[in-house]
$ cat run_6.txt   # compact mmCIF, C-alpha atoms
# COMPACT_ATOMS: atom_id res chain seq x y z
CA MET A 616 18.47 42.56 17.44
CA ARG A 617 15.47 44.00 19.27
CA GLY A 618 17.53 46.77 20.80
CA HIS A 619 18.61 48.07 17.38
CA GLU A 620 15.42 47.49 15.38
CA GLY A 621 14.78 51.24 15.45
CA LEU A 622 18.18 51.84 13.81
CA VAL A 623 17.16 49.56 10.94
CA HIS A 624 13.93 51.50 10.37
CA TYR A 625 15.73 54.83 10.68
CA ILE A 626 18.30 53.92 8.05
CA VAL A 627 15.71 52.40 5.72
CA ARG A 628 13.53 55.53 5.94
CA ARG A 629 16.50 57.82 5.26
CA GLN A 630 18.04 55.81 2.43
CA TRP A 631 15.19 53.87 0.89
CA ARG A 632 14.33 55.37 -2.48
CA GLY A 633 11.08 53.60 -3.22
CA ARG A 634 12.35 51.13 -5.82
CA LEU A 635 12.02 48.28 -3.35
CA ASP A 636 9.08 47.40 -1.12
CA TYR A 637 9.54 48.88 2.37
CA GLU A 638 9.21 45.50 4.09
CA GLN A 639 11.83 44.00 1.80
CA ALA A 640 14.14 46.92 2.57
CA VAL A 641 13.60 46.41 6.31
CA HIS A 642 14.32 42.70 5.91
CA ALA A 643 17.58 43.50 4.11
CA GLY A 644 18.41 45.96 6.89
CA ARG A 645 17.81 43.29 9.50
CA VAL A 646 20.20 40.98 7.65
CA GLY A 647 22.77 43.77 7.74
CA LEU A 648 22.15 44.24 11.47
CA TRP A 649 22.67 40.53 12.07
CA ARG A 650 25.93 40.61 10.10
CA ALA A 651 27.03 43.63 12.14
CA ILE A 652 26.28 41.78 15.38
CA LEU A 653 28.36 38.84 14.23
CA GLY A 654 31.29 40.96 13.05
CA PHE A 655 31.46 43.68 15.73
CA ALA A 656 34.60 43.78 17.84
CA PRO A 657 33.98 45.85 21.01
CA GLU A 658 37.69 46.09 21.76
CA GLY A 659 38.04 48.26 18.63
CA GLY A 660 36.70 51.21 20.57
CA GLY A 661 33.95 52.31 18.18
CA ALA A 662 30.24 52.50 18.89
CA PHE A 663 28.15 49.55 17.75
CA SER A 664 25.50 51.77 16.17
CA THR A 665 28.11 53.44 13.96
CA TYR A 666 29.44 50.07 12.85
CA ALA A 667 25.95 48.62 12.34
CA SER A 668 24.58 51.58 10.38
CA VAL A 669 27.16 51.02 7.62
CA ALA A 670 26.33 47.31 7.40
CA ILE A 671 22.59 47.98 7.38
CA ALA A 672 22.85 50.62 4.66
CA ARG A 673 25.09 48.36 2.56
CA HIS A 674 22.58 45.49 2.72
CA VAL A 675 19.62 47.74 1.91
CA TRP A 676 21.38 49.17 -1.15
CA ARG A 677 22.45 45.70 -2.25
CA ALA A 678 18.80 44.57 -2.10
CA VAL A 679 17.69 47.63 -4.08
CA THR A 680 20.37 47.00 -6.72
CA LEU A 681 19.42 43.33 -7.04
CA ALA A 682 15.72 44.15 -7.30
CA GLU A 683 16.38 46.74 -10.02
CA ARG A 684 18.66 44.40 -11.93
CA ASP A 685 16.13 41.56 -11.76
CA GLY A 686 13.21 43.85 -12.56
CA GLN A 687 11.41 42.89 -9.36
CA ALA A 688 11.24 46.36 -7.84
CA THR A 689 7.84 47.57 -6.74
CA LEU A 690 6.75 51.11 -7.35
CA ALA A 691 6.36 53.33 -4.32
CA LEU A 692 3.98 55.78 -5.93
CA THR A 693 1.33 53.25 -6.92
CA LEU A 694 -1.67 52.86 -4.67
CA PRO A 695 -2.83 49.61 -3.08
CA MET A 696 -5.62 47.59 -4.65
CA PRO A 697 -8.98 49.35 -4.35
CA SER A 698 -11.03 48.33 -1.35
CA ALA A 699 -14.75 47.68 -1.19
CA ASP A 700 -15.26 50.89 0.80
CA PRO A 701 -16.40 53.58 -1.68
CA ARG A 702 -14.93 56.36 0.49
CA ALA A 703 -11.52 54.69 0.36
CA GLN A 704 -11.81 54.38 -3.44
CA VAL A 705 -12.67 58.07 -3.80
CA LEU A 706 -9.76 59.01 -1.53
CA ALA A 707 -7.41 56.80 -3.56
CA TRP A 708 -8.49 58.47 -6.81
CA GLU A 709 -8.13 61.94 -5.27
CA VAL A 710 -4.65 61.11 -4.01
CA THR A 711 -3.63 59.74 -7.42
CA ALA A 712 -4.99 62.78 -9.26
CA THR A 713 -3.32 65.15 -6.81
CA LEU A 714 -0.01 63.32 -7.09
CA HIS A 715 -0.10 63.49 -10.88
CA ALA A 716 -1.00 67.19 -10.73
CA MET A 717 1.97 67.83 -8.43
CA VAL A 718 4.31 66.03 -10.81
CA GLU A 719 2.95 68.13 -13.70
CA ARG A 720 4.04 71.30 -11.85
CA LEU A 721 7.70 70.20 -11.82
CA PRO A 722 10.22 71.58 -14.33
CA ALA A 723 10.29 69.55 -17.57
CA LYS A 724 13.44 67.48 -16.90
CA GLN A 725 12.49 66.69 -13.30
CA ARG A 726 8.94 65.81 -14.41
CA TRP A 727 10.31 63.39 -17.04
CA VAL A 728 12.71 61.77 -14.56
CA VAL A 729 10.01 61.26 -11.90
CA ARG A 730 7.50 59.88 -14.42
CA SER A 731 10.03 57.52 -15.97
CA TYR A 732 11.68 56.40 -12.73
CA TYR A 733 8.44 55.56 -10.93
CA GLY A 734 6.55 54.38 -14.01
CA LEU A 735 3.90 57.10 -13.84
CA ASP A 736 3.94 57.28 -17.63
CA GLY A 737 2.41 53.79 -17.81
CA TRP A 738 5.56 52.07 -19.12
CA GLY A 739 6.83 50.75 -15.79
CA GLY A 740 9.73 52.09 -13.79
CA SER A 741 13.25 52.46 -15.16
CA THR A 742 16.58 52.42 -13.41
CA LEU A 743 18.73 55.51 -13.10
CA ALA A 744 21.25 54.01 -15.51
CA GLN A 745 18.56 53.38 -18.14
CA LEU A 746 17.31 56.94 -17.83
CA GLY A 747 20.86 58.25 -18.08
CA ARG A 748 21.41 56.33 -21.31
CA ARG A 749 18.16 57.75 -22.76
CA LEU A 750 19.21 61.32 -21.94
CA GLY A 751 22.85 60.79 -22.77
CA CYS A 752 24.12 61.63 -19.29
CA SER A 753 25.37 59.81 -16.21
CA ARG A 754 23.35 57.93 -13.63
CA GLN A 755 24.48 60.49 -11.05
CA ALA A 756 23.02 63.35 -13.11
CA ILE A 757 19.65 61.57 -13.23
CA GLN A 758 19.88 60.89 -9.50
CA TYR A 759 20.52 64.61 -8.94
CA HIS A 760 17.39 65.57 -10.91
CA LEU A 761 15.32 62.93 -9.09
CA ARG A 762 16.55 64.12 -5.70
CA GLN A 763 15.76 67.75 -6.58
CA ALA A 764 12.28 66.76 -7.74
CA LEU A 765 11.58 64.81 -4.55
CA VAL A 766 12.76 67.72 -2.41
CA ARG A 767 10.40 69.99 -4.31
CA LEU A 768 7.51 67.52 -4.05
CA ARG A 769 8.03 67.19 -0.28
CA HIS A 770 8.01 70.94 0.30
CA PRO A 771 4.93 71.93 2.36
CA ALA A 772 3.93 74.73 0.00
CA PHE A 773 4.07 72.36 -2.96
CA SER A 774 2.34 69.39 -1.31
CA SER A 775 -0.30 71.04 0.87
CA LEU A 776 -3.30 69.49 -0.90
CA LEU A 777 -1.81 65.99 -0.83
CA ARG A 778 -0.88 66.40 2.83
CA ALA A 779 -4.43 67.50 3.63
CA LEU A 780 -5.87 64.45 1.85
CA LEU A 781 -3.56 62.13 3.76
CA ALA A 782 -4.11 63.95 7.09
CA ARG A 783 -0.41 64.84 7.29
CA ASN A 784 -0.82 68.57 7.42
CA ARG A 785 0.07 69.17 11.04
CA ARG A 786 2.64 71.76 11.96
CA ALA A 787 5.08 69.02 13.02
CA ASP A 788 4.82 67.44 9.55
CA TYR A 789 5.65 70.75 7.87
CA LEU A 790 8.59 71.39 10.20
CA GLN A 791 9.93 67.89 9.54
CA ALA A 792 9.75 68.46 5.77
CA LEU A 793 11.54 71.79 6.09
CA ARG A 794 14.31 70.24 8.23
CA ALA A 795 14.77 67.47 5.68
CA GLU A 796 15.04 70.01 2.88
CA ARG A 797 17.64 72.03 4.80
CA ARG A 798 19.72 68.89 5.42
CA ARG A 799 19.69 68.06 1.72
CA ARG A 800 20.93 71.53 0.80
$ encode --input "run_6.txt" --output "structure tokens"
Amino acid sequence: MRGHEGLVHYIVRRQWRGRLDYEQAVHAGRVGLWRAILGFAPEGGGAFSTYASVAIARHVWRAVTLAERDGQATLALTLPMPSADPRAQVLAWEVTATLHAMVERLPAKQRWVVRSYYGLDGWGGSTLAQLGRRLGCSRQAIQYHLRQALVRLRHPAFSSLLRALLARNRRADYLQALRAERRRR
């Protein structure tokens, strides 16, 4: 388990979509890793990490689906409770205002999908299927618009102010965002 903990975090970071708390997603990934350990047959000739990554991803997505169905999903774009430190409160408000300003710069359909999916409109988050029914399209179409919006929001030119506020504006951070965007294309 310890030897493959990094694989769990890697898969959760790549596939986690923010509808489930990160720690809950990691826990689900660990359950998947444990199931992979129990079911792996080395005589099959495949690599354990390849076998385990499928089981981990399956358990993470199952946890996300259950959380969305039960309405227990937490929102990834909400900030933690305000602290007593006034500087931290000011930073939290600046980050929130910057995030909302970034979302406002998106094209209309992407802006609506991001607001509705993450609950930024004040009504709480909605599932992809619910949003698809509201727009009269499929869940996959909504997922496409959400993915395009997140790619745009991650782009260094689009998110420079937010990255500066969060001290994530190093060259390595920008290169990582550009690589992720190229992979998605």
$ closest_residue --input "run_6.txt" --among "A:Leu780, A:Leu750, A:Met616, A:Ala672" --to "A:Ala640" --atoms "all atoms listed in the file"
A:Ala672
$ residues_around --input "run_6.txt" --residues "stretch 754-758 of chain A" --least-positions-apart "5" --cutoff "7 Å" --atoms "only C-alpha atoms" --output "mmCIF file with C-alpha atoms, keeping the file's coordinate frame"
data_model
loop_
_atom_site.group_PDB
_atom_site.id
_atom_site.type_symbol
_atom_site.label_atom_id
_atom_site.label_comp_id
_atom_site.auth_asym_id
_atom_site.auth_seq_id
_atom_site.Cartn_x
_atom_site.Cartn_y
_atom_site.Cartn_z
ATOM 1 C CA LEU A 743 18.730 55.510 -13.100
ATOM 2 C CA ALA A 744 21.250 54.010 -15.510
ATOM 3 C CA LEU A 746 17.310 56.940 -17.830
ATOM 4 C CA GLY A 747 20.860 58.250 -18.080
#
$ atom_distance --input "run_6.txt" --atom1 "atom CA of A:Arg767" --atom2 "atom CA of A:Gln791"
14.0 Å
$ residues_around --input "run_6.txt" --residues "A:Ala662" --least-positions-apart "6" --cutoff "12 Å" --atoms "all atoms listed in the file" --output "JSON, numbers by chain"
{"A": [651, 652, 655, 656, 668, 669]}
$ write_last_selection --input "run_6.txt" --atoms "C-alpha atoms" --output "compact mmCIF listing (two decimals), in the frame of the given file"
# COMPACT_ATOMS: atom_id res chain seq x y z
CA ALA A 651 27.03 43.63 12.14
CA ILE A 652 26.28 41.78 15.38
CA PHE A 655 31.46 43.68 15.73
CA ALA A 656 34.60 43.78 17.84
CA SER A 668 24.58 51.58 10.38
CA VAL A 669 27.16 51.02 7.62
$ closest_residue --input "run_6.txt" --among "A:Val641, A:Leu622, A:Ala678, A:Ala779" --to "A:Tyr666" --atoms "only C-alpha atoms"
A:Leu622
$ closest_residue --input "run_6.txt" --among "A:Arg748, A:Ser664, A:Glu709, A:Leu714" --to "A:Leu735" --atoms "only C-alpha atoms"
A:Leu714
